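Participant: Structure below; questions to follow.
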Amino acid sequence: MNATPKVRPPAVPIEILSSDAARIYTHIHPILILSLYAYKFPSIVADPVPALLSSLIPLAILQIVFVAICLPPTGSNTVVVEKKKPGEKKKAPESPISRKIIPAFLSLLLSVLFATPLLAATLVLFGAPISTHYFHTLLCAAHISLLATLPLVYVHGVDGQTWREVVALLLPVDEVYGGMIGTVIGAWLGAVPIPLDWDREWQKWPVTIVTGAYIGFAVGKLVGGTIGKGRKIMFD
Amino acid sequence: MENGEPLPSYEGLAAAFAKAKADKEREEAQGLRPTTRDAAVAQKQGEVHFKAAHGIVIAFFTWILVLHALGIYLFTSGFLLTRLVLDQKSECALPPTDIGQPYSPGSPETGCWHPKSFDKAVVILVDALRYDFTVPFQAEGSEIPHHFHNAIPVLYETAINHPNNAFLLPFIADPPTTTLQRLKGLTTGTLPTFIDAGSNFAGTAIDEDNLLAQLRNASKRIVHLGDDTWHALFPGYFEPNLTHAYDSFNVWDLHTVDNGVTDHIFPLLHPSNTSKWDVAIGHYLGVDHAGHRYGPDHPAMAAKLNQMDGILRRMIEQIDDNTLLVVMGDHGMDSKGDHGGESDDEIQAALFMYSKRKYFGRSSPSYQTPPATAKERPVAQIDLVPTLSLLLGMPIPFNNLGAPIEEAFIGVKGEDYKNLALVNRLTAAQIHRYQHEYALARGLDESTRTSSLSLWATANEVWNSLGGLKKPNRDQLRNAYLSFSAYQIETLRVCRDLWARFDIPRMLNGVTILALSLAVLAIYSRGIEGDRSELTPALLARGIIGSIVGVLVGVGFSFAIPTLPREHVLIYCSAVGGIVGVTTAFWYIRRRIMSPIPNSIWGWSSVIFTVALSVGFAANSFTIWEDEILLHFLTTFGALTAISSFRQKVPADRVLGLYHSILFIILTRITSLSRLCREEQMPYCRSTFYASATSSTSATWQLAIPYVVALLLPTFIRGYYDGTLSYQGSAVLWLGFALRFGLLLSAAYWTLDAADDGDWYPGYGDILKTTKIIIAQITFAIALAFGYSTFSWSKPLLNIENKSKQSQDSSTQVIADGGTSSITILGYANVHGSRYALLITMWLLAIALVQKPMGAGAIGIAAWQIFSLFEIVDTNKLSDTPIGPVVLGLLGSFHFFKTGHQATMASIQWESAFIPLRTIKYPWSPLLVALNTFGAQILCAVAVPAVVLWKQPPKKKGLLGDVAKAMGTHILFYAVINLATTMWAGHLRRHLMLYRIFCPRFMAGALVLLVVDVVGIFIAIGGTRLSFLSVGEVFGWH
């Protein structure tokens, strides 16, 4: 009923940068992420806290490399679309470090500082242990937040209205958004095997959740970039 | 509804209301006018029409309830086999048949029905003594001996070296192979069934005739040492100063019980002490615990068996001439050391008897070697009952089905067939007497017993023919023995069929009825467009006609094929006939039928929550952890509505929706901290419901919880009324005063209860008891008597405010014709919801009283969440989706666990029967236990109509249909759960965990469905009649 006071252009899906490196690396990235996790998996099962902590650094590096190579940083979206030709002509844009690496590190910082505690609280609300395993839960949240929110912050920045749309699932699906949704659904499904009486080491908290998040990230990113691209999530 | 969007008729409606009000006032001054009479006629017609439509909805749901009951009954009668416990006891002076020989019966000193052989007995029960533990290991192929082999050779050696002093035989248990069920079998001689329907309300004590009761009747002194299960079964039977019971629960402890038994049993055998007792029972648990902890193939098992070997050797040495020594296992163990099921390893125990004087014999010399495996010459565990009774000169317990063991009566030479025939005749006669009484009590006709009755007649003929002979020869006596034995074997077989076999056709037909009625309910609730209350008459009529036709067809069938069980055929035909009838009605209204397949995220999440839960019940882990799964789902629901709130266009909806979603999630998580763990959840669960994990009383701090609820909850609920200015009229008195006062009284009740329990004021126990019962009765009176009268006679929660014209809020004010001042109708926005929700708070009070303090907190939070849910549903416009009623189902199931319950028999809080009563009174006591057990589901079922009534305009059409739709959906949730648990229980009927996990969950699911049916139909839909009438009186009928 009440029309939104500020007229905003309808959100468009994020496009992967047009460079060859971006087009290729965007497909290699999930493989690298999954390989990293597969490599670390035995040590995570053996002793989750140190292994999850130490694997955060390579995960952060991989994600930063991914966003820097493949994704348009926040604010560049309209520029890229509208001023494509002048941009190409110039051929000497501002240094990639200030244009890409700094936003990437800012995204990392925001993911770690804001998203991780929020996600940890959410995990507890969903039934994570409330009086024990603090570090397990926190590290689990950190992994989810690096997978899901770091690229999102990189492409969307910190605009409140955009983030309302992000949380409300109102944005059109793209690789970044798909990765986020996939991570969350994967983590949700990761809770399923916990109660089973198989007596496996990997059933311990939070191994299944983190595993679900990694697999969900790869699947969600793939779906978001292909068949899901541009679609909107309908509730009704 | 949305605040910002006035419906077209709104202004006119409110104006009409104001006008009517003004007219009425004028009438009061001037007297009635003709137009008012016309209006009154129309009003009357509308009311009659509503009452009829409402009655038909109730009738339709009742028909669904009947279908559920029939399906559950049919399945249960094929699955949960019940046995009637007869109260009759065998008497020493009344043998079951004439003795027909020089012996005069009736004296326990010489032997009641038969001369006794031993004065005293020592019964050693080595828990889980599997038969292959006791016989020498014989390699099959390249197999090497396990730790449990050859570790307890004493029984075999003694039996082989002194065959006239001892025998060793396989001893077959009837499943379930749990110690409690086995002790029942070993003392009563009956077959175990899941439910022994007796007169006992809650206790576990055996109230049917048994060996121990007979011994006690004959003034024999019984000493018990070891496993305390005996004391639950036989309270007060044992000599208090000699008896020592030990906790059987701690399976990690291998030695405490065993050392206790050993320390106390050997002094009893000393000649100076043998005059102090007649029968001594020692129950060793070490072997069983070693099995549970390590499994049988472990050095600890070998060590334990070696220790038993030493103890038994000493016992054999020390026992005197007139004492019989019985050593036995009550069941075996599987390869992991567990038991409970019916695999060979679990049912094959060992039986050993020893006497210092030569007494035992064998009918064939080759039988002197104990059987190499349990497949050869086994005896049933119930055979111990007549054997021991006759050896000790006791009458055979009335309900016994076992036979005397040959080795104990055939004499040292193995030739005494006369004795054998006598004891078998006695046993068979007692079985015959029992079967006759049982058939009378159960109303069974003789047809089920024709085969055994003819064997009985034959056996008696053989016996009578012996009377004519001067000296019957060996073969004739042996023939008599065998013919009585044949009667016993056949009767046992018949009883096994009756009591221990599943009746698959009944189970399948029960499941069919449940599945078909589920489909009908699904289409009715989710597959009809528009107002279903106008279609219900046609559905109901065809359903009833179908049922009648079904009954007639069933009668025809059962006359045409008399072998079919009539009751079964009638039930099945009437249910299926009714369902076919409704299906034709669906065809008749096919234009209004739409696909019940969901088309929104809310429909899909409702389906996923329900189906995922149901599928999970096929796995014991998911059944055990149901409470955590429900937490996960409820939080997921809250997260989805939080996301959905962000999508709302109106900022007020966004903020309110988000606030209530987050509140809902947080309240769910807080309640989840109240836990009563079931055994299988250990060690991953810590109970917080009571003071400690091993106590069943509340901690002192927990007594404060009901007071907090009393102080805060009415205020919170008032907040939900204040939002629409509905805190008017009766709500002020009820919410503001009566509810709070009632909750305070219930808090006081639990404080007094703790004072009484803990004996805080010695000497005042009686006063405390009386006071607390009176307080509980007053609370019930407030909740139900005062509550229902408020609910019946309350006007809609509205008020009129006269204001000057320029008041801001135009949506709730109207200006009457020619008026200068405006009228604001307070509470208009939520007339139906606020009026109906009073009913929820009444039941809240009644349920909160019967919950333990921690449970009162959980129920209080449940009520708070219910009101939050109403707001969530309203701000996200979900009242048409199935999610509201389904989440109420999840919420009810969740709080079932949080009020200190589990899907186990052990977690039933029987003591709640005594909250407002001193003694057991029918029907109140079972109703109180139901109100305690299913309180959360009851509260949520009562809340269902409010989901679709909350903030709906007073004159919205088809509200009754919406209520029917919501209640149908709510019942559908429980019906799916019930169908799933029923199917899994039936499918997994041979599963090891059937009696521990699947069967209790099935029973809980079936009971919950029936309770929710009854509450939903008669309390909730029934309650809408009162609230609709009250609203209709003011706003008229459309």
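In the structure tokens, each chain is lettered A, B, ... as it comes, each chain's residues begin at 1, and ligands are numbered from 1 in order of appearance.
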Kindly determine which residues of chain B lie within 7 Å of chain A, considering only C-alpha atoms, and give the answer as number ranges by chain.
Facilitator: B: 600-601, 621-622, 625, 631-632, 635, 643-644, 646-647, 650, 665-666, 669
Participant: I need the residues in range 37-180 of chain A that are alpha helix (DSSP H) according to DSSP; give them as JSON, numbers by chain.
Facilitator: {"A": [37, 38, 39, 40, 41, 42, 43, 44, 45, 46, 48, 49, 50, 51, 52, 53, 54, 55, 56, 57, 58, 59, 60, 61, 62, 63, 64, 65, 66, 67, 68, 69, 70, 76, 77, 78, 79, 80, 81, 82, 84, 85, 86, 87, 88, 89, 90, 96, 102, 103, 104, 105, 106, 107, 108, 109, 110, 116, 117, 118, 119, 120, 121, 122, 123, 124, 125, 134, 135, 136, 137, 138, 139, 140, 141, 142, 143, 144, 145, 146, 147, 148, 149, 150, 151, 152, 153, 154, 155, 156, 160, 161, 162, 163, 164, 165, 166, 167, 175, 176, 177, 178, 179, 180]}
Participant: Find the spatial neighbours of Pro1000 in chain B, counting only C-alpha atoms, within a cut-off of 6 Å - ignore same-chain residues fewer than 2 positions away - and output them as JSON, numbers by chain.
Facilitator: {"B": [903, 904, 997, 998, 1002, 1003]}
Participant: Using only C-alpha atoms, can you tell me which of B:Ile347, B:Ala290, B:Ile206, B:Cys573 comes closest to Pro175 in chain B?
Facilitator: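 Looking only at the distances to Pro175 in chain B, the closest residue turns out to be B:Ile347.
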Participant: Which of these residues is nearest to Leu67 in chain B, using only C-alpha atoms: B:Thr779, B:Thr387, B:Thr919, B:Ser517?
Facilitator: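 Selected residue with least distance to Leu67 in chain B: B:Ser517.
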Participant: In range 758-803 of chain B, what's strand (DSSP E) per DSSP? Answer as a list of chain:residue names?
Facilitator: B:Asn799, B:Ile800, B:Glu801, B:Asn802, B:Lys803
Participant: Rounded to one decimal, what separation in Å do you get between CA of Gly855 in chain B and CA of Gly657 in chain B?
Facilitator: 27.8 Å
